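This is target-v5.csv. It holds CSV, C-alpha atoms.
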```
chain,number,residue,atom,x,y,z
A,1,MET,CA,13.9,1.1,25.6
A,2,TYR,CA,17.5,0.8,26.7
A,3,THR,CA,18.0,-2.4,28.7
A,4,GLN,CA,21.7,-1.7,29.6
A,5,LEU,CA,21.5,2.0,30.4
A,6,ASP,CA,19.9,4.1,33.2
A,7,ILE,CA,18.8,7.4,31.6
A,8,GLU,CA,18.3,10.6,33.6
A,9,SER,CA,16.9,13.9,32.2
A,10,HIS,CA,17.7,17.3,33.7
A,11,PHE,CA,16.9,21.0,33.1
A,12,ASP,CA,13.6,20.4,31.3
A,13,GLY,CA,15.1,17.8,29.0
A,14,LYS,CA,18.0,19.9,27.8
A,15,LEU,CA,20.5,17.5,29.4
A,16,LYS,CA,20.4,13.7,29.0
A,17,ILE,CA,22.7,11.4,31.0
A,18,ALA,CA,23.2,7.8,30.2
A,19,TYR,CA,24.6,5.7,33.0
A,20,LEU,CA,26.2,2.3,32.2
A,21,ASN,CA,24.3,0.1,34.6
A,22,GLN,CA,26.1,-3.1,35.2
A,23,PRO,CA,27.9,-2.3,38.5
A,24,ASP,CA,28.5,-6.0,39.3
A,25,THR,CA,31.0,-6.1,36.4
A,26,MET,CA,32.2,-2.5,36.9
A,27,ASN,CA,30.1,-1.6,33.9
A,28,ALA,CA,32.1,-3.8,31.5
A,29,LEU,CA,31.0,-3.2,27.9
A,30,THR,CA,28.9,-5.8,26.1
A,31,LYS,CA,27.5,-5.9,22.6
A,32,PRO,CA,24.0,-4.9,24.0
A,33,SER,CA,25.4,-2.0,26.1
A,34,LEU,CA,27.5,-0.7,23.1
A,35,SER,CA,24.4,-0.8,20.9
A,36,ASP,CA,22.3,0.9,23.5
A,37,LEU,CA,24.9,3.7,24.0
A,38,LYS,CA,25.2,4.2,20.2
A,39,ASP,CA,21.4,4.5,19.9
A,40,PHE,CA,21.2,6.8,22.9
A,41,VAL,CA,23.8,9.2,21.5
A,42,LYS,CA,22.2,9.2,18.0
A,43,GLU,CA,18.7,9.9,19.4
A,44,CYS,CA,20.0,12.8,21.5
A,45,SER,CA,21.9,14.2,18.5
A,46,GLU,CA,18.7,14.3,16.5
A,47,ASP,CA,16.4,15.5,19.3
A,48,PRO,CA,16.0,19.3,19.2
A,49,ALA,CA,15.0,19.4,22.8
A,50,VAL,CA,18.3,17.9,23.9
A,51,ARG,CA,21.2,20.5,24.2
A,52,CYS,CA,23.8,18.4,26.0
A,53,VAL,CA,24.6,14.7,26.5
A,54,ALA,CA,26.6,13.0,29.2
A,55,ILE,CA,27.9,9.5,29.9
A,56,SER,CA,28.6,8.0,33.3
A,57,GLY,CA,28.6,4.8,35.3
A,58,ARG,CA,26.5,3.4,38.2
A,59,GLY,CA,28.3,2.0,41.1
A,60,ARG,CA,32.0,2.5,41.9
A,61,ALA,CA,33.4,2.4,38.3
A,62,PHE,CA,32.9,4.4,35.1
A,63,CYS,CA,33.8,1.4,32.9
A,64,SER,CA,36.2,-1.5,33.2
A,65,GLY,CA,36.4,-2.0,29.4
A,66,GLN,CA,35.2,-4.9,27.3
A,67,ASN,CA,33.4,-7.8,29.0
A,68,LEU,CA,35.6,-10.7,27.9
A,69,ASP,CA,32.9,-13.3,28.7
A,70,ASP,CA,30.6,-11.4,26.3
A,71,ALA,CA,33.2,-11.3,23.6
A,72,PHE,CA,34.5,-14.9,23.7
A,73,VAL,CA,31.7,-17.0,25.3
A,74,GLN,CA,28.2,-15.6,24.8
A,75,GLY,CA,27.1,-15.8,21.2
A,76,ASN,CA,30.4,-17.2,20.1
A,77,GLU,CA,29.9,-21.0,20.4
A,78,HIS,CA,31.8,-21.6,17.2
A,79,HIS,CA,34.9,-19.6,18.3
A,80,ASP,CA,34.9,-17.4,15.3
A,81,ASN,CA,38.6,-16.5,14.6
A,82,ASP,CA,37.5,-13.0,13.4
A,83,ILE,CA,35.4,-12.2,16.5
A,84,ILE,CA,37.6,-9.3,17.7
A,85,ARG,CA,37.5,-7.6,14.3
A,86,LYS,CA,33.7,-8.0,14.2
A,87,ILE,CA,33.2,-6.5,17.7
A,88,VAL,CA,35.5,-3.5,16.9
A,89,THR,CA,33.9,-2.8,13.5
A,90,ASP,CA,30.3,-3.7,14.3
A,91,TYR,CA,30.0,-2.2,17.8
A,92,TYR,CA,32.9,0.0,18.9
A,93,ASN,CA,33.5,1.9,15.7
A,94,PRO,CA,29.9,3.0,15.1
A,95,LEU,CA,29.8,4.2,18.8
A,96,VAL,CA,33.0,6.2,18.3
A,97,MET,CA,31.5,7.9,15.2
A,98,GLU,CA,28.2,8.7,16.9
A,99,ILE,CA,30.0,10.4,19.8
A,100,THR,CA,32.5,12.3,17.7
A,101,HIS,CA,29.9,13.5,15.2
A,102,CYS,CA,27.1,14.2,17.7
A,103,LYS,CA,25.4,17.5,17.1
A,104,LYS,CA,25.4,18.2,20.8
A,105,PRO,CA,28.3,18.4,23.3
A,106,VAL,CA,29.1,14.9,24.8
A,107,VAL,CA,30.6,15.0,28.2
A,108,ALA,CA,32.1,12.1,30.2
A,109,LEU,CA,31.4,12.0,33.9
A,110,VAL,CA,34.1,9.7,35.1
A,111,ASN,CA,32.9,8.6,38.6
A,112,GLY,CA,35.5,5.9,39.1
A,113,PRO,CA,38.0,3.6,37.3
A,114,ALA,CA,38.1,3.9,33.5
A,115,VAL,CA,40.1,1.1,32.0
A,116,GLY,CA,40.9,0.0,28.4
A,117,ALA,CA,37.9,0.7,26.1
A,118,GLY,CA,36.3,2.4,29.2
A,119,ALA,CA,39.2,4.9,29.3
A,120,MET,CA,38.8,5.6,25.6
A,121,LEU,CA,35.0,5.9,25.9
A,122,ALA,CA,35.6,8.8,28.2
A,123,LEU,CA,38.5,10.4,26.2
A,124,ILE,CA,36.6,10.5,22.9
A,125,CYS,CA,34.0,12.6,24.5
A,126,ASP,CA,34.2,16.4,24.0
A,127,PHE,CA,35.6,16.8,27.6
A,128,VAL,CA,35.9,14.9,30.8
A,129,LEU,CA,34.8,15.7,34.3
A,130,ALA,CA,36.3,13.3,36.9
A,131,ASN,CA,35.8,12.2,40.5
A,132,GLU,CA,39.1,12.5,42.4
A,133,LYS,CA,38.8,8.7,43.0
A,134,ALA,CA,38.8,8.0,39.3
A,135,TYR,CA,41.8,6.6,37.3
A,136,PHE,CA,42.5,5.9,33.7
A,137,ALA,CA,44.4,3.0,32.3
A,138,GLN,CA,45.2,1.9,28.8
A,139,ALA,CA,45.1,-1.7,29.8
A,140,PHE,CA,45.0,-3.2,26.2
A,141,SER,CA,48.7,-4.2,26.3
A,142,ASN,CA,48.1,-6.3,29.4
A,143,ILE,CA,46.3,-8.9,27.2
A,144,GLY,CA,48.3,-8.3,24.0
A,145,LEU,CA,45.9,-5.9,22.3
A,146,ILE,CA,46.2,-2.4,20.8
A,147,PRO,CA,44.2,0.6,21.9
A,148,ASP,CA,40.9,0.7,20.1
A,149,THR,CA,37.7,2.8,20.6
A,150,GLY,CA,39.6,5.5,18.7
A,151,GLY,CA,42.7,5.1,20.9
A,152,THR,CA,45.3,5.0,18.2
A,153,TYR,CA,43.7,8.2,16.6
A,154,PHE,CA,43.1,10.3,19.7
A,155,LEU,CA,45.8,9.4,22.2
A,156,PRO,CA,48.8,10.7,20.2
A,157,LYS,CA,46.8,13.9,19.5
A,158,LEU,CA,45.9,14.4,23.1
A,159,LEU,CA,49.2,13.4,24.6
A,160,GLY,CA,51.9,13.5,21.9
A,161,ARG,CA,53.7,10.4,20.6
A,162,GLN,CA,56.0,9.8,23.6
A,163,LEU,CA,53.3,9.8,26.3
A,164,ALA,CA,50.8,7.9,24.1
A,165,ASN,CA,53.4,5.2,23.6
A,166,TYR,CA,54.3,5.1,27.2
A,167,LEU,CA,50.8,4.7,28.5
A,168,ALA,CA,49.8,2.2,25.7
A,169,PHE,CA,53.0,0.1,26.2
A,170,THR,CA,52.9,0.0,30.0
A,171,GLY,CA,49.2,0.2,30.9
A,172,LYS,CA,50.2,2.6,33.6
A,173,LYS,CA,47.3,3.9,35.8
A,174,LEU,CA,46.9,7.7,35.8
A,175,SER,CA,45.0,9.3,38.7
A,176,ALA,CA,42.4,11.9,37.9
A,177,GLU,CA,44.8,14.7,38.9
A,178,GLU,CA,47.6,13.2,36.7
A,179,SER,CA,45.2,12.9,33.9
A,180,LYS,CA,44.2,16.6,34.3
A,181,SER,CA,47.9,17.6,34.3
A,182,TYR,CA,48.3,15.8,30.9
A,183,GLY,CA,45.3,17.5,29.4
A,184,LEU,CA,43.1,14.4,29.4
A,185,VAL,CA,40.6,15.7,32.0
A,186,ALA,CA,39.1,19.2,32.1
A,187,GLU,CA,38.1,19.3,35.8
A,188,VAL,CA,38.6,17.1,38.9
A,189,PHE,CA,36.2,17.3,41.8
A,190,THR,CA,36.1,15.7,45.3
A,191,GLU,CA,33.9,12.7,45.8
A,192,GLU,CA,31.4,14.8,47.8
A,193,GLU,CA,31.2,17.6,45.2
A,194,PHE,CA,31.5,15.5,42.0
A,195,ASN,CA,27.7,15.3,41.2
A,196,SER,CA,26.8,18.9,42.1
A,197,LYS,CA,29.8,20.5,40.5
A,198,SER,CA,29.4,18.4,37.3
A,199,LEU,CA,25.7,19.3,37.0
A,200,GLU,CA,26.6,23.0,37.4
A,201,ILE,CA,28.9,22.7,34.4
A,202,LEU,CA,26.4,20.6,32.4
A,203,GLU,CA,23.7,23.1,33.1
A,204,ARG,CA,25.8,25.9,31.7
A,205,VAL,CA,26.6,23.9,28.6
A,206,SER,CA,22.9,23.0,28.2
A,207,ASN,CA,22.0,26.7,28.0
A,208,MET,CA,24.7,27.7,25.6
A,209,PRO,CA,24.2,28.4,21.8
A,210,THR,CA,24.0,24.7,20.7
A,211,VAL,CA,24.5,25.3,17.0
A,212,GLY,CA,27.6,27.3,17.7
A,213,LEU,CA,29.0,24.5,19.8
A,214,LYS,CA,28.2,22.0,17.1
A,215,LEU,CA,30.1,24.1,14.5
A,216,THR,CA,33.0,24.5,16.9
A,217,LYS,CA,33.2,20.7,17.3
A,218,LYS,CA,33.2,20.4,13.5
A,219,ALA,CA,35.9,22.9,13.1
A,220,PHE,CA,38.1,21.3,15.7
A,221,ALA,CA,37.6,17.9,14.1
A,222,HIS,CA,38.7,19.1,10.7
A,223,SER,CA,41.8,20.8,12.1
A,224,TYR,CA,43.5,17.4,12.5
A,225,ASP,CA,43.8,17.0,8.7
A,226,ASN,CA,43.5,20.5,7.3
A,227,THR,CA,46.3,22.9,6.2
A,228,LEU,CA,46.2,26.3,7.8
A,229,LYS,CA,44.7,27.7,4.6
A,230,GLN,CA,42.0,25.1,4.5
A,231,GLN,CA,41.2,25.6,8.2
A,232,LEU,CA,40.9,29.4,7.8
A,233,GLU,CA,38.5,28.9,4.9
A,234,LEU,CA,36.5,26.5,6.9
A,235,GLU,CA,36.4,29.0,9.8
A,236,GLY,CA,34.9,31.6,7.5
A,237,ASP,CA,32.2,29.2,6.2
A,238,LEU,CA,31.2,27.9,9.7
A,239,GLN,CA,31.3,31.4,11.2
A,240,GLN,CA,28.8,32.6,8.6
A,241,LYS,CA,26.5,29.6,9.5
A,242,ALA,CA,26.8,30.5,13.2
A,243,ALA,CA,26.0,34.2,12.4
A,244,GLU,CA,22.8,33.1,10.8
A,245,THR,CA,21.4,31.4,13.9
A,246,GLU,CA,18.7,32.8,16.2
A,247,ASP,CA,21.1,32.3,19.1
A,248,PHE,CA,23.7,34.7,17.5
A,249,LYS,CA,21.0,37.4,17.1
A,250,GLU,CA,20.0,36.8,20.8
A,251,GLY,CA,23.6,37.0,22.0
A,252,VAL,CA,24.2,40.3,20.2
A,253,SER,CA,20.8,41.7,21.4
A,254,ALA,CA,21.5,40.7,25.0
A,255,PHE,CA,25.0,42.2,24.9
A,256,LEU,CA,23.7,45.5,23.6
A,257,GLN,CA,20.9,45.6,26.1
A,258,LYS,CA,23.2,44.5,29.0
A,259,ARG,CA,21.2,41.5,30.0
A,260,LYS,CA,21.7,37.8,30.2
A,261,PRO,CA,21.0,36.0,26.9
A,262,GLU,CA,18.4,33.3,26.7
A,263,TYR,CA,19.6,30.9,24.0
A,264,LYS,CA,17.2,28.4,22.4
A,265,GLY,CA,19.7,26.2,20.7
A,266,LYS,CA,18.5,27.3,17.2
```

Would you mind giving the structure from this file in structure tokens?
Amino acid sequence: MYTQLDIESHFDGKLKIAYLNQPDTMNALTKPSLSDLKDFVKECSEDPAVRCVAISGRGRAFCSGQNLDDAFVQGNEHHDNDIIRKIVTDYYNPLVMEITHCKKPVVALVNGPAVGAGAMLALICDFVLANEKAYFAQAFSNIGLIPDTGGTYFLPKLLGRQLANYLAFTGKKLSAEESKSYGLVAEVFTEEEFNSKSLEILERVSNMPTVGLKLTKKAFAHSYDNTLKQQLELEGDLQQKAAETEDFKEGVSAFLQKRKPEYKGK
């Protein structure tokens, strides 16, 4: 089904991992791979069996950003002057919206370099787990472009205006550990432990109360624009919805019975 992705399923289908699978280009993004990734995230969002989604890359890189040959050569024989706008609006923006509105947690497993749109593909996910060999670079300025893939929205919120400007203007590479110190990465693991430690975390997330996590994502997303009063009202509404789930009842029952809860994601 997905010609540009390699899909893995774990924990009885609770976890789905999509690997960008063009290692010869360091997993540079193309229109087909962007479409495949958008469709994959959407499918996982709607599949009740899936409880967690992850994105990673095959080979030595996570993603090297936009494939310029794909943007300016393939399918663009007439050199459309509006090609960049079309790629952003038709391919990148729908993917950003699918990831940020996915009903399941979306985790970036950054196994190697994440550059330009590849860096932002990781940073728009709910959290990032990184290999110690990975690095992140906002390389857009190197070719005269601005951060896209949600970069102008998320970078100032993740880093503050000063650091967002600095990284966007200079294209400076940040190591995995530097990225963690700036709050861009949740955990950094050694090359040897990256796969096993990441799967441990993903297994935990896959067995958490999925609806509660979805509602948490929704609350955090609205906090960017809400006043405190609006956010508190939203918290009340979403907390009531969470309290009406089967998983909440199971969590309370397990706590009272002093046993480990068995959440169903409902």

Residue with smallest distance to Thr100 (chain A) - pool A:Ala119, A:Leu199, A:Val41, A:Leu174, counting all atoms listed in the file =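 Distance minimum relative to Thr100 (chain A) lands on A:Val41.
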
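Relative to CA of Gly160 (chain A), CA of Thr227 (chain A) is found at 19.1 Å.
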
CA of Phe72 (chain A) to CA of Asn142 (chain A), distance in Å rounded to a single decimal =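 Value for the CA of Phe72 (chain A)-CA of Asn142 (chain A) distance: 17.1 Å.
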
Minimum-distance residue to His10 (chain A), chosen among A:Glu203, A:Asp82, A:Asp126, A:Glu246 (using all atoms listed in the file) =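 Result for the nearest residue to His10 (chain A): A:Glu203.
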
May I ask for the distance between CA of Leu109 (chain A) and CA of Thr152 (chain A), given in Å to one decimal place?
-> 22.1 Å
